[in-house]
$ cat start37.cif   # mmCIF, C-alpha atoms and all ligand atoms
data_coords
loop_
_atom_site.label_atom_id
_atom_site.label_comp_id
_atom_site.auth_asym_id
_atom_site.auth_seq_id
_atom_site.Cartn_x
_atom_site.Cartn_y
_atom_site.Cartn_z
CA MET A 1 3.75 -7.03 -23.69
CA ALA A 2 5.16 -10.53 -23.09
CA TYR A 3 4.21 -12.28 -19.87
CA ASP A 4 6.67 -15.16 -19.87
CA HIS A 5 5.10 -16.71 -16.81
CA ASP A 6 7.54 -19.58 -16.90
CA ILE A 7 10.89 -18.05 -17.70
CA SER A 8 13.46 -20.76 -18.14
CA ARG A 9 15.86 -21.64 -15.33
CA CYS A 10 18.72 -20.22 -17.38
CA ASP A 11 16.90 -16.90 -17.98
CA GLU A 12 15.97 -16.81 -14.32
CA ALA A 13 19.57 -17.29 -13.17
CA VAL A 14 20.78 -14.52 -15.49
CA PHE A 15 18.00 -12.21 -14.32
CA LEU A 16 18.67 -12.90 -10.64
CA ALA A 17 22.41 -12.35 -11.08
CA GLU A 18 21.69 -8.96 -12.66
CA VAL A 19 19.28 -7.98 -9.86
CA ARG A 20 21.70 -9.11 -7.15
CA ALA A 21 24.62 -7.22 -8.69
CA PHE A 22 22.51 -4.07 -8.86
CA LEU A 23 21.26 -4.40 -5.28
CA ALA A 24 24.79 -5.05 -3.96
CA LYS A 25 25.90 -1.75 -5.48
CA ALA A 26 22.82 0.45 -5.09
CA LEU A 27 21.65 -0.58 -1.62
CA THR A 28 24.05 1.32 0.60
CA PRO A 29 24.20 0.48 4.35
CA ASP A 30 22.06 3.51 5.27
CA LEU A 31 19.33 2.41 2.84
CA ARG A 32 19.41 -1.14 4.20
CA LYS A 33 19.17 0.26 7.72
CA ALA A 34 16.12 2.34 6.73
CA GLY A 35 14.58 -0.81 5.22
CA ARG A 36 15.16 -2.78 8.44
CA ARG A 37 13.72 0.02 10.58
CA THR A 38 10.44 0.24 8.64
CA LEU A 39 7.42 0.04 10.90
CA GLY A 40 4.46 1.28 8.86
CA VAL A 41 3.60 1.21 5.19
CA HIS A 42 6.76 2.94 3.96
CA SER A 43 10.34 3.51 5.15
CA ASP A 44 11.87 6.79 6.27
CA ILE A 45 10.87 9.25 3.53
CA SER A 46 14.35 10.45 2.60
CA ALA A 47 15.52 6.84 2.14
CA CYS A 48 12.35 6.21 0.09
CA ARG A 49 13.16 9.13 -2.20
CA THR A 50 16.78 8.03 -2.69
CA TRP A 51 15.80 4.42 -3.38
CA HIS A 52 12.96 5.48 -5.68
CA ARG A 53 15.35 7.60 -7.76
CA ARG A 54 17.92 4.78 -8.03
CA LEU A 55 15.28 2.34 -9.25
CA PHE A 56 13.94 4.93 -11.68
CA ASN A 57 17.41 5.57 -13.12
CA GLN A 58 17.82 1.81 -13.51
CA GLY A 59 14.45 1.53 -15.31
CA TRP A 60 13.09 -0.82 -12.61
CA ILE A 61 10.82 1.48 -10.61
CA ALA A 62 7.57 0.06 -12.01
CA PRO A 63 8.07 -3.66 -12.67
CA ALA A 64 4.37 -4.26 -13.38
CA TRP A 65 3.71 -1.25 -15.64
CA PRO A 66 3.78 -1.90 -19.37
CA ALA A 67 7.04 -0.86 -21.03
CA ALA A 68 5.08 1.49 -23.31
CA TRP A 69 4.21 3.56 -20.22
CA GLY A 70 7.72 3.61 -18.77
CA GLY A 71 7.45 0.40 -16.75
CA ALA A 72 9.88 -2.51 -16.81
CA GLY A 73 7.22 -4.65 -18.54
CA TRP A 74 8.37 -7.73 -16.63
CA SER A 75 6.47 -10.97 -16.32
CA SER A 76 4.75 -11.61 -13.00
CA ARG A 77 7.50 -14.12 -12.17
CA ARG A 78 10.30 -11.59 -12.73
CA LYS A 79 8.44 -9.01 -10.67
CA PHE A 80 8.02 -11.56 -7.89
CA LEU A 81 11.72 -12.49 -7.94
CA PHE A 82 12.73 -8.84 -7.93
CA ASP A 83 10.43 -7.93 -5.00
CA ARG A 84 11.68 -10.94 -3.06
CA GLU A 85 15.35 -10.00 -3.59
CA CYS A 86 14.59 -6.43 -2.47
CA ALA A 87 12.95 -7.80 0.68
CA LEU A 88 15.78 -10.24 1.43
CA ASN A 89 18.26 -7.37 1.06
CA ASP A 90 16.34 -4.93 3.29
CA ALA A 91 15.60 -2.40 0.53
CA PRO A 92 13.49 0.56 1.74
CA VAL A 93 9.74 0.10 1.36
CA LEU A 94 8.60 2.73 -1.14
CA PHE A 95 5.87 5.35 -0.67
CA ALA A 96 3.89 3.76 -3.42
CA GLY A 97 0.28 4.98 -3.78
CA GLY A 98 1.13 6.46 -7.18
CA LEU A 99 3.13 3.49 -8.41
CA ARG A 100 0.79 0.77 -7.24
CA SER A 101 -2.67 2.31 -7.48
CA LEU A 102 -3.09 5.65 -9.22
CA GLY A 103 -0.56 5.15 -12.03
CA PRO A 104 -2.13 1.89 -13.28
CA LEU A 105 -5.57 3.50 -12.93
CA LEU A 106 -4.58 6.51 -15.05
CA ILE A 107 -3.08 4.20 -17.69
CA GLU A 108 -6.53 2.59 -17.98
CA MET A 109 -8.92 5.48 -17.28
CA GLY A 110 -7.04 8.80 -17.36
CA THR A 111 -7.36 11.39 -20.13
CA PRO A 112 -4.32 11.86 -22.41
CA ALA A 113 -3.65 15.19 -20.63
CA GLN A 114 -3.74 13.49 -17.20
CA GLN A 115 -1.46 10.72 -18.42
CA ALA A 116 0.99 13.27 -19.84
CA LYS A 117 1.00 15.37 -16.67
CA TYR A 118 1.05 12.72 -13.96
CA LEU A 119 2.61 9.42 -15.07
CA ILE A 120 6.26 10.43 -15.52
CA PRO A 121 6.47 12.25 -12.12
CA ILE A 122 5.06 9.10 -10.47
CA LEU A 123 7.83 7.07 -12.07
CA SER A 124 10.56 9.59 -11.26
CA GLY A 125 9.39 9.99 -7.66
CA ASP A 126 8.84 13.74 -8.03
CA ASP A 127 5.14 13.23 -7.23
CA LEU A 128 3.92 11.36 -4.16
CA TRP A 129 0.19 10.59 -4.04
CA ALA A 130 -2.05 10.09 -1.01
CA GLN A 131 -5.52 8.55 -1.07
CA ALA A 132 -8.33 10.68 0.40
CA PHE A 133 -11.36 8.36 0.43
CA SER A 134 -12.28 7.63 4.07
CA GLU A 135 -14.27 10.11 6.14
CA PRO A 136 -15.34 10.23 9.78
CA GLY A 137 -18.76 8.85 8.69
CA ALA A 138 -17.66 6.64 5.79
CA GLY A 139 -15.11 3.83 6.04
CA SER A 140 -16.28 0.33 5.16
CA ASP A 141 -19.47 1.93 3.91
CA LEU A 142 -17.49 4.16 1.59
CA ALA A 143 -20.45 5.15 -0.58
CA ARG A 144 -21.75 7.29 2.32
CA ILE A 145 -19.11 9.95 1.81
CA ALA A 146 -20.32 13.48 2.45
CA THR A 147 -17.41 15.72 1.33
CA ARG A 148 -19.05 17.81 -1.33
CA ALA A 149 -17.80 19.30 -4.60
CA VAL A 150 -19.86 21.99 -6.31
CA ARG A 151 -19.22 23.00 -9.90
CA ASP A 152 -18.19 26.65 -10.33
CA GLY A 153 -17.25 27.42 -13.95
CA GLU A 154 -14.23 25.29 -14.89
CA ASP A 155 -13.54 24.31 -11.24
CA TYR A 156 -15.04 22.16 -8.53
CA VAL A 157 -15.11 23.73 -5.05
CA ILE A 158 -14.67 21.18 -2.27
CA ASP A 159 -15.82 21.38 1.37
CA GLY A 160 -15.71 18.61 3.94
CA ALA A 161 -13.35 16.33 5.85
CA LYS A 162 -11.33 13.18 5.19
CA ILE A 163 -9.57 10.99 7.72
CA TRP A 164 -6.84 8.32 7.98
CA THR A 165 -5.09 9.78 4.94
CA THR A 166 -1.73 7.99 4.89
CA GLY A 167 1.20 10.23 4.02
CA ALA A 168 -0.84 13.37 3.17
CA HIS A 169 1.79 15.42 5.03
CA LEU A 170 4.48 14.07 2.66
CA ALA A 171 2.50 13.96 -0.58
CA ASN A 172 2.20 16.70 -3.20
CA ARG A 173 -0.94 15.18 -4.79
CA LEU A 174 -4.18 13.65 -3.52
CA PHE A 175 -6.73 11.47 -5.28
CA ALA A 176 -10.17 11.72 -3.75
CA ILE A 177 -13.80 10.82 -4.15
CA VAL A 178 -16.32 13.54 -3.43
CA ARG A 179 -20.09 13.92 -3.61
CA THR A 180 -21.33 15.96 -6.56
CA SER A 181 -25.04 15.16 -6.22
CA ASP A 182 -27.55 13.40 -3.96
CA GLU A 183 -29.04 10.46 -5.77
CA ALA A 184 -31.28 7.63 -4.61
CA ARG A 185 -28.36 5.22 -4.22
CA PRO A 186 -25.34 6.52 -2.28
CA GLN A 187 -23.00 4.97 -4.92
CA GLN A 188 -24.41 7.42 -7.46
CA GLY A 189 -23.45 11.08 -7.46
CA LEU A 190 -19.77 10.49 -6.56
CA THR A 191 -16.89 11.96 -8.56
CA PHE A 192 -13.18 11.07 -8.62
CA LEU A 193 -10.78 14.04 -8.53
CA LEU A 194 -7.01 14.61 -8.65
CA ILE A 195 -5.91 17.41 -6.30
CA ASP A 196 -2.58 19.21 -6.63
CA LEU A 197 -0.96 20.33 -3.36
CA PRO A 198 -0.48 22.67 -1.69
CA ALA A 199 -4.12 23.65 -2.09
CA PRO A 200 -5.31 26.89 -0.44
CA GLY A 201 -8.03 26.02 2.09
CA LEU A 202 -6.69 22.53 2.92
CA THR A 203 -5.64 21.82 6.53
CA ILE A 204 -3.66 18.67 7.26
CA SER A 205 -3.67 17.50 10.90
CA PRO A 206 -1.42 14.68 12.12
CA ILE A 207 -2.75 11.49 13.77
CA ILE A 208 -0.15 9.58 15.82
CA THR A 209 -0.74 5.83 15.93
CA ILE A 210 -0.13 3.27 18.68
CA ASP A 211 3.35 2.44 17.31
CA GLY A 212 4.37 6.07 17.94
CA GLU A 213 4.59 6.95 14.21
CA HIS A 214 3.08 9.79 12.19
CA GLU A 215 1.76 8.30 8.96
CA LEU A 216 -1.91 9.22 9.22
CA ASN A 217 -3.70 12.54 8.92
CA ALA A 218 -7.08 14.20 9.10
CA LEU A 219 -7.83 16.59 6.23
CA PHE A 220 -10.20 19.55 6.28
CA PHE A 221 -11.33 21.06 2.97
CA ASP A 222 -12.52 24.64 3.08
CA GLY A 223 -13.36 25.83 -0.43
CA ILE A 224 -10.53 23.97 -2.24
CA ARG A 225 -10.66 24.64 -5.99
CA VAL A 226 -9.90 21.78 -8.39
CA PRO A 227 -10.04 22.15 -12.20
CA VAL A 228 -12.69 20.05 -13.97
CA ALA A 229 -9.82 18.76 -16.13
CA ASN A 230 -8.62 16.88 -13.00
CA ARG A 231 -11.69 14.63 -12.96
CA VAL A 232 -11.12 10.95 -13.78
CA GLY A 233 -14.21 9.49 -15.47
CA GLU A 234 -17.49 11.33 -15.76
CA GLU A 235 -19.11 13.45 -13.09
CA GLY A 236 -21.29 11.20 -10.91
CA GLU A 237 -19.46 8.04 -12.00
CA GLY A 238 -16.68 8.15 -9.44
CA TRP A 239 -17.85 4.98 -7.70
CA ALA A 240 -16.79 2.80 -10.63
CA VAL A 241 -13.42 4.60 -10.82
CA ALA A 242 -12.88 4.25 -7.06
CA LYS A 243 -13.78 0.55 -7.20
CA ARG A 244 -11.19 -0.04 -9.92
CA LEU A 245 -8.63 1.94 -7.90
CA MET A 246 -9.36 -0.25 -4.86
CA GLN A 247 -8.83 -3.37 -6.96
CA MET A 248 -5.39 -2.06 -7.93
CA ALA A 249 -4.62 -1.12 -4.31
CA ARG A 250 -5.80 -4.40 -2.77
CA SER A 251 -4.03 -6.56 -5.31
CA ASN A 252 -0.64 -5.35 -4.09
CA ASN A 253 -1.39 -3.91 -0.69
CA THR A 254 0.47 -6.64 1.23
CA PRO A 255 2.62 -8.53 -1.27
CA SER A 256 4.40 -11.64 -0.05
CA ALA A 257 7.72 -9.75 -0.13
CA LEU A 258 6.46 -7.53 2.69
CA VAL A 259 5.63 -10.59 4.78
CA ARG A 260 8.99 -12.16 3.86
CA ARG A 261 10.79 -9.14 5.42
CA VAL A 262 9.13 -9.66 8.78
CA PHE A 263 9.53 -13.41 8.53
CA GLN A 264 13.29 -13.17 8.12
CA ARG A 265 13.46 -10.97 11.26
CA ALA A 266 11.44 -13.56 13.18
CA ARG A 267 13.65 -16.38 11.95
CA ALA A 268 16.86 -14.48 12.81
CA ALA A 269 15.51 -13.79 16.30
CA ALA A 270 14.61 -17.49 16.69
CA LEU A 271 18.07 -18.62 15.58
CA SER A 272 19.76 -16.32 18.07
CA THR A 273 17.54 -17.34 21.00
CA GLU A 274 18.82 -20.21 23.10
CA GLY A 275 16.23 -22.66 24.36
CA LEU A 276 13.41 -21.22 22.25
CA GLU A 277 10.06 -22.63 23.28
CA PRO A 278 9.19 -25.60 20.96
CA GLY A 279 5.72 -24.13 20.40
CA LEU A 280 7.23 -20.98 18.90
CA ARG A 281 9.51 -23.06 16.66
CA ARG A 282 6.50 -25.01 15.40
CA ARG A 283 4.48 -21.83 14.75
CA LEU A 284 7.42 -20.33 12.86
CA ALA A 285 7.63 -23.42 10.64
CA GLU A 286 3.86 -23.30 10.04
CA ALA A 287 4.08 -19.61 9.16
CA GLU A 288 6.87 -20.33 6.67
CA LEU A 289 4.76 -22.99 4.97
CA ASP A 290 1.86 -20.56 4.73
CA LEU A 291 4.18 -17.89 3.37
CA LEU A 292 5.43 -20.27 0.68
CA ALA A 293 1.83 -21.10 -0.23
CA PHE A 294 0.97 -17.39 -0.35
CA GLU A 295 3.96 -16.75 -2.63
CA GLN A 296 2.72 -19.43 -5.02
CA THR A 297 -0.81 -18.00 -4.94
CA GLU A 298 0.50 -14.52 -5.66
CA LEU A 299 2.59 -15.81 -8.55
CA SER A 300 -0.33 -17.39 -10.32
CA ALA A 301 -3.13 -14.98 -9.35
CA MET A 302 -2.52 -12.09 -11.77
CA PRO A 303 -0.58 -13.13 -14.85
CA GLU A 304 -1.40 -9.78 -16.50
CA GLY A 305 0.22 -7.86 -13.64
CA VAL A 306 -3.02 -6.01 -12.77
CA PRO A 307 -6.36 -7.50 -11.72
CA ARG A 308 -8.82 -8.18 -14.52
CA PRO A 309 -11.49 -5.44 -14.48
CA GLY A 310 -14.42 -7.74 -13.66
CA ASP A 311 -12.52 -9.82 -11.10
CA GLN A 312 -13.64 -8.73 -7.62
CA THR A 313 -12.32 -11.78 -5.83
CA THR A 314 -8.59 -11.91 -6.62
CA PRO A 315 -7.63 -8.48 -5.18
CA SER A 316 -9.65 -9.11 -2.01
CA MET A 317 -8.22 -12.62 -1.63
CA LEU A 318 -4.62 -11.35 -1.96
CA LYS A 319 -5.28 -8.50 0.48
CA LEU A 320 -6.93 -10.77 3.02
CA LEU A 321 -4.29 -13.51 2.87
CA GLY A 322 -1.37 -11.06 2.84
CA SER A 323 -2.52 -8.79 5.64
CA GLU A 324 -3.55 -11.58 8.02
CA LEU A 325 -0.29 -13.49 7.44
CA HIS A 326 1.65 -10.25 7.92
CA GLN A 327 -0.03 -9.75 11.29
CA ARG A 328 0.57 -13.34 12.31
CA VAL A 329 4.29 -13.22 11.50
CA ALA A 330 4.79 -9.82 13.17
CA GLU A 331 3.11 -11.12 16.32
CA LEU A 332 5.29 -14.22 16.24
CA ALA A 333 8.43 -12.06 15.86
CA MET A 334 7.39 -10.12 18.94
CA GLU A 335 6.75 -13.28 20.92
CA ILE A 336 10.11 -14.75 19.89
CA THR A 337 11.92 -11.53 20.80
CA GLY A 338 10.15 -11.56 24.13
CA PRO A 339 6.87 -10.04 25.23
CA ALA A 340 8.70 -8.93 28.39
CA ARG A 341 10.07 -6.06 26.29
CA LEU A 342 6.55 -4.73 25.71
CA PRO A 343 6.72 -2.02 28.39
CA ALA A 344 10.03 -0.90 26.83
CA LEU A 345 8.37 0.51 23.72
CA GLY A 346 9.57 4.04 23.19
CA ALA A 347 11.99 3.88 26.13
CA PHE A 348 14.92 1.87 24.77
CA HIS A 349 16.56 3.85 22.00
CA ASP A 350 20.18 3.44 20.98
CA GLU A 351 22.45 6.40 20.18
CA ASP A 352 20.91 6.74 16.67
CA GLY A 353 17.44 7.09 18.13
CA ASP A 354 16.72 3.54 16.96
CA LEU A 355 14.46 1.27 18.95
CA ALA A 356 16.08 -1.67 20.71
CA ASP A 357 15.30 -5.00 18.98
CA GLY A 358 12.58 -6.17 21.36
CA ALA A 359 10.85 -2.80 21.35
CA ARG A 360 11.09 -2.71 17.53
CA ALA A 361 9.39 -6.09 17.22
CA THR A 362 6.66 -4.85 19.55
CA ALA A 363 6.25 -1.61 17.60
CA LYS A 364 6.08 -3.61 14.34
CA HIS A 365 3.39 -5.82 15.84
CA PHE A 366 1.39 -2.71 16.80
CA ALA A 367 1.88 -1.17 13.34
CA THR A 368 0.78 -4.37 11.63
CA ARG A 369 -2.53 -4.43 13.55
CA ALA A 370 -3.70 -1.82 11.01
CA ALA A 371 -3.02 -4.15 8.08
CA SER A 372 -6.43 -5.79 8.39
CA ILE A 373 -8.12 -2.37 8.46
CA TYR A 374 -6.56 -0.21 5.73
CA SER A 375 -7.52 -0.72 2.10
CA GLY A 376 -10.73 -2.27 3.46
CA THR A 377 -11.06 -4.41 6.59
CA SER A 378 -10.86 -8.19 6.53
CA GLU A 379 -14.65 -8.31 6.96
CA THR A 380 -15.01 -6.08 3.87
CA GLN A 381 -12.73 -8.39 1.83
CA ARG A 382 -14.77 -11.42 2.92
CA ASN A 383 -18.01 -9.61 2.03
CA VAL A 384 -16.65 -8.73 -1.44
CA MET A 385 -15.57 -12.32 -2.08
CA ALA A 386 -18.78 -13.81 -0.73
CA GLY A 387 -20.85 -11.40 -2.84
CA ALA A 388 -18.92 -12.28 -6.00
CA ILE A 389 -19.20 -16.02 -5.34
CA LEU A 390 -22.92 -15.87 -4.52
CA ARG A 391 -23.60 -13.84 -7.67
CA GLY A 392 -21.75 -16.57 -9.58
C1 LIG A 401 -3.26 2.62 9.26
C2 LIG A 401 -4.42 3.02 8.41
C3 LIG A 401 -4.17 3.65 7.19
C4 LIG A 401 -5.24 4.08 6.40
N1 LIG A 401 -4.97 4.78 5.25
C5 LIG A 401 -5.99 5.29 4.53
C6 LIG A 401 -5.73 6.13 3.40
O1 LIG A 401 -4.57 6.39 3.05
N2 LIG A 401 -6.78 6.66 2.74
C7 LIG A 401 -8.08 6.39 3.08
O2 LIG A 401 -8.97 6.88 2.43
N3 LIG A 401 -8.36 5.60 4.17
C8 LIG A 401 -7.35 5.06 4.89
N4 LIG A 401 -7.61 4.29 6.00
C9 LIG A 401 -9.00 4.09 6.42
C10 LIG A 401 -9.51 2.68 6.21
O3 LIG A 401 -9.73 2.43 4.86
C11 LIG A 401 -10.77 2.53 7.07
O4 LIG A 401 -10.38 2.64 8.42
C12 LIG A 401 -11.47 1.22 6.84
O5 LIG A 401 -12.04 1.18 5.56
C13 LIG A 401 -12.54 0.93 7.91
O6 LIG A 401 -13.41 2.00 8.03
P1 LIG A 401 -13.76 2.60 9.47
O7 LIG A 401 -12.45 2.90 10.17
O8 LIG A 401 -14.70 3.73 9.28
O9 LIG A 401 -14.43 1.43 10.28
P2 LIG A 401 -15.95 0.95 10.15
O10 LIG A 401 -16.36 0.93 8.72
O11 LIG A 401 -16.79 1.77 11.09
O12 LIG A 401 -15.87 -0.54 10.68
C14 LIG A 401 -15.79 -0.86 12.08
C15 LIG A 401 -15.82 -2.38 12.18
O13 LIG A 401 -17.07 -2.89 11.67
C16 LIG A 401 -16.83 -3.86 10.65
N5 LIG A 401 -17.83 -3.74 9.61
C17 LIG A 401 -18.26 -2.60 9.02
N6 LIG A 401 -19.19 -2.88 8.07
C18 LIG A 401 -19.33 -4.23 8.05
C19 LIG A 401 -20.11 -5.15 7.28
N7 LIG A 401 -20.96 -4.70 6.33
N8 LIG A 401 -19.98 -6.47 7.53
C20 LIG A 401 -19.13 -6.93 8.49
N9 LIG A 401 -18.35 -6.11 9.26
C21 LIG A 401 -18.46 -4.78 9.04
C22 LIG A 401 -15.46 -3.51 10.10
O14 LIG A 401 -14.85 -4.64 9.48
C23 LIG A 401 -14.73 -3.06 11.36
O15 LIG A 401 -14.25 -4.19 12.07
C24 LIG A 401 -6.57 3.82 6.81
C25 LIG A 401 -6.81 3.15 8.02
C26 LIG A 401 -5.75 2.76 8.81
C27 LIG A 401 -6.05 2.07 10.11
#

$ encode --input "start37.cif" --output "structure tokens"
Amino acid sequence: MAYDHDISRCDEAVFLAEVRAFLAKALTPDLRKAGRRTLGVHSDISACRTWHRRLFNQGWIAPAWPAAWGGAGWSSRRKFLFDRECALNDAPVLFAGGLRSLGPLLIEMGTPAQQAKYLIPILSGDDLWAQAFSEPGAGSDLARIATRAVRDGEDYVIDGAKIWTTGAHLANRLFAIVRTSDEARPQQGLTFLLIDLPAPGLTISPIITIDGEHELNALFFDGIRVPVANRVGEEGEGWAVAKRLMQMARSNNTPSALVRRVFQRARAAALSTEGLEPGLRRRLAEAELDLLAFEQTELSAMPEGVPRPGDQTTPSMLKLLGSELHQRVAELAMEITGPARLPALGAFHDEDGDLADGARATAKHFATRAASIYSGTSETQRNVMAGAILRG
């Protein structure tokens, strides 16, 4: 695959014209509205499905996947330009665990049967994947997971509980790590499994977050059966598989395009506010500079499109920079819109059930608080980077 990191200006202009023409046609007003309304990690699910299918039909659903696996096979620069145009045009934010994390993992580590069964439905949008790693007693210290899978013939039988599973109520597949044996080190004895839903014995309970949304769930496994053929990697070696998955997830968890969306809301609010406090203007300008720097970092950080297997630092650095900048800009947008609207959250809906602007900025700020927790907290990212640097 060619990674023309520096496509010529002429190529770039042609590419951008093609992307803009497609977006002008394919992004209907209702899809743009869904994109603007996004609070959490994905837009309204029916808009997500429609947008996913349009990108799939266009051949652009997986810009970073190799063309041989159905991706667009674009350079990192083209992918960046495409994501940025989508953000600037309020495209829906996709439900993307399969596209961004599991698909690339299966390309690297899946069996031929798993690749044949799962990759195309990820691209087409027929399969939506949720990540079932965290448990009530295992978050940052993920190796402590206690959900147990016991081998029974050609199946594993799973009992236990998972928590904070984003989108499990919308997904038709789960990827999970489970304990298959008790070894001296908690990292040993873990196994990575793919679970098809609905699964008899699985209960999915909603968790409503502070922004009023239902994205999260608690899962209870009571004798769920999963075929051994659905194991990625060897039994007991799930920690290495999960670590690679987390590298994929962190490397594109908060891309600059996501921050750019919130930034353009903040800037529009600032431009329409008379007599905006000079301090807010200055902070907006500083945030824009940091966003530009983050965009440049992102562009040069992963020329291969996925993190290099041994590189612990780059995914954590991108996740840390992206999520903290995302929070900063969302907070600034709320301040610009007016913190006086804070008590209005949930009370000021227009006739479409939409939140009024001020309340929306407040809800977005609340939603973005989670950005430095999911996919590993900021402290975890700093620990990973510090560990890698100290080990040399
Ligand atoms: C909105 C949202 C979506 C999520 N989606 C998913 C999902 O789809 N799938 C999934 O599996 N999980 C998901 N999670 C769970 C998430 O990965 C965990 O919440 C996260 O890893 C932190 O774990 P914890 O909540 O158990 O907190 P803890 O691990 O108990 O941490 C509590 C605090 O202590 C700090 N801390 C812990 N250990 C250390 C250390 N060694 N050094 C320094 N500080 C430390 C943490 O940084 C944190 O501030 C989601 C969480 C949120 C909030």

$ residues_around --input "start37.cif" --residues "Val232 (chain A)" --least-positions-apart "5" --cutoff "12 Å" --atoms "only C-alpha atoms" --output "MDAnalysis selection string"
chainID A and resid 102 105:115 175:178 190:195 227 237:242 244:245

$ closest_residue --input "start37.cif" --among "A:Asp83, A:Asp11, A:Asp127, A:Glu215" --to "ligand LIG 401 (chain A)" --atoms "only C-alpha atoms and all ligand atoms"
A:Glu215

$ residues_around --input "start37.cif" --residues "Pro136 (chain A)" --least-positions-apart "4" --cutoff "9 Å" --atoms "all atoms listed in the file" --output "list in words"
Ile145, Ala161, Lys162, Ile163 and Trp164 of chain A

$ write_last_selection --input "start37.cif" --atoms "C-alpha atoms" --output "PDB file, in the coordinates of the input"
ATOM      1  CA  ILE A 145     -19.110   9.950   1.810  1.00  0.00           C
ATOM      2  CA  ALA A 161     -13.350  16.330   5.850  1.00  0.00           C
ATOM      3  CA  LYS A 162     -11.330  13.180   5.190  1.00  0.00           C
ATOM      4  CA  ILE A 163      -9.570  10.990   7.720  1.00  0.00           C
ATOM      5  CA  TRP A 164      -6.840   8.320   7.980  1.00  0.00           C
TER       6      TRP A 164
END

$ closest_atom_pairs --input "start37.cif" --of "chain A" --to "ligand LIG 401 (chain A)" --cutoff "6 Å" --atoms "only C-alpha atoms and all ligand atoms" --output "tab-separated table"
residue	atom	partner	partner_atom	distance
A:Gln131	CA	A:LIG401	N2	4.4
A:Ala132	CA	A:LIG401	O2	4.4
A:Phe133	CA	A:LIG401	O2	3.4
A:Ser134	CA	A:LIG401	O2	3.8
A:Ala138	CA	A:LIG401	O8	5.4
A:Gly139	CA	A:LIG401	O6	3.2
A:Ser140	CA	A:LIG401	O10	3.6
A:Asp141	CA	A:LIG401	O10	5.8
A:Trp164	CA	A:LIG401	C8	4.5
A:Thr165	CA	A:LIG401	O1	3.9
A:Thr166	CA	A:LIG401	O1	3.7
A:Ala370	CA	A:LIG401	C27	4.6
A:Ile373	CA	A:LIG401	C27	5.2
A:Tyr374	CA	A:LIG401	C25	4.1
A:Ser375	CA	A:LIG401	O3	4.7
A:Gly376	CA	A:LIG401	O5	4.2
A:Thr377	CA	A:LIG401	O14	4.8
A:Glu379	CA	A:LIG401	O14	4.5
A:Thr380	CA	A:LIG401	O14	5.8

$ residues_around --input "start37.cif" --residues "Ser251 (chain A)" --least-positions-apart "5" --cutoff "12 Å" --atoms "all atoms listed in the file" --output "CSV table (one decimal) with C-alpha atoms, keeping the file's coordinate frame"
chain,number,residue,atom,x,y,z
A,64,ALA,CA,4.4,-4.3,-13.4
A,100,ARG,CA,0.8,0.8,-7.2
A,101,SER,CA,-2.7,2.3,-7.5
A,104,PRO,CA,-2.1,1.9,-13.3
A,244,ARG,CA,-11.2,0.0,-9.9
A,245,LEU,CA,-8.6,1.9,-7.9
A,246,MET,CA,-9.4,-0.2,-4.9
A,256,SER,CA,4.4,-11.6,0.0
A,297,THR,CA,-0.8,-18.0,-4.9
A,298,GLU,CA,0.5,-14.5,-5.7
A,299,LEU,CA,2.6,-15.8,-8.6
A,301,ALA,CA,-3.1,-15.0,-9.4
A,302,MET,CA,-2.5,-12.1,-11.8
A,304,GLU,CA,-1.4,-9.8,-16.5
A,305,GLY,CA,0.2,-7.9,-13.6
A,306,VAL,CA,-3.0,-6.0,-12.8
A,307,PRO,CA,-6.4,-7.5,-11.7
A,308,ARG,CA,-8.8,-8.2,-14.5
A,309,PRO,CA,-11.5,-5.4,-14.5
A,311,ASP,CA,-12.5,-9.8,-11.1
A,312,GLN,CA,-13.6,-8.7,-7.6
A,313,THR,CA,-12.3,-11.8,-5.8
A,314,THR,CA,-8.6,-11.9,-6.6
A,315,PRO,CA,-7.6,-8.5,-5.2
A,316,SER,CA,-9.6,-9.1,-2.0
A,317,MET,CA,-8.2,-12.6,-1.6
A,318,LEU,CA,-4.6,-11.4,-2.0
A,319,LYS,CA,-5.3,-8.5,0.5
A,320,LEU,CA,-6.9,-10.8,3.0
A,321,LEU,CA,-4.3,-13.5,2.9
A,322,GLY,CA,-1.4,-11.1,2.8
A,323,SER,CA,-2.5,-8.8,5.6
A,375,SER,CA,-7.5,-0.7,2.1
A,376,GLY,CA,-10.7,-2.3,3.5
A,381,GLN,CA,-12.7,-8.4,1.8

$ closest_residue --input "start37.cif" --among "A:Met334, A:Arg281, A:Leu128, A:Leu325" --to "His365 (chain A)" --atoms "only C-alpha atoms"
A:Met334

$ closest_atom_pairs --input "start37.cif" --of "region 194-311 of chain A" --to "region 153-160 of chain A" --cutoff "8 Å" --atoms "all atoms listed in the file" --output "Markdown table"
| residue | atom | partner | partner_atom | distance |
| --- | --- | --- | --- | --- |
| A:Phe220 | CA | A:Gly160 | CA | 6.1 |
| A:Phe221 | CA | A:Asp159 | CA | 4.8 |
| A:Asp222 | CA | A:Asp159 | CA | 4.9 |
| A:Gly223 | CA | A:Ile158 | CA | 5.2 |
| A:Ile224 | CA | A:Ile158 | CA | 5.0 |
| A:Arg225 | CA | A:Val157 | CA | 4.6 |
| A:Val226 | CA | A:Tyr156 | CA | 5.2 |
| A:Pro227 | CA | A:Asp155 | CA | 4.2 |
| A:Val228 | CA | A:Asp155 | CA | 5.1 |
| A:Ala229 | CA | A:Glu154 | CA | 8.0 |

$ atom_distance --input "start37.cif" --atom1 "CA of Gly236 (chain A)" --atom2 "CA of Arg144 (chain A)"
13.8 Å
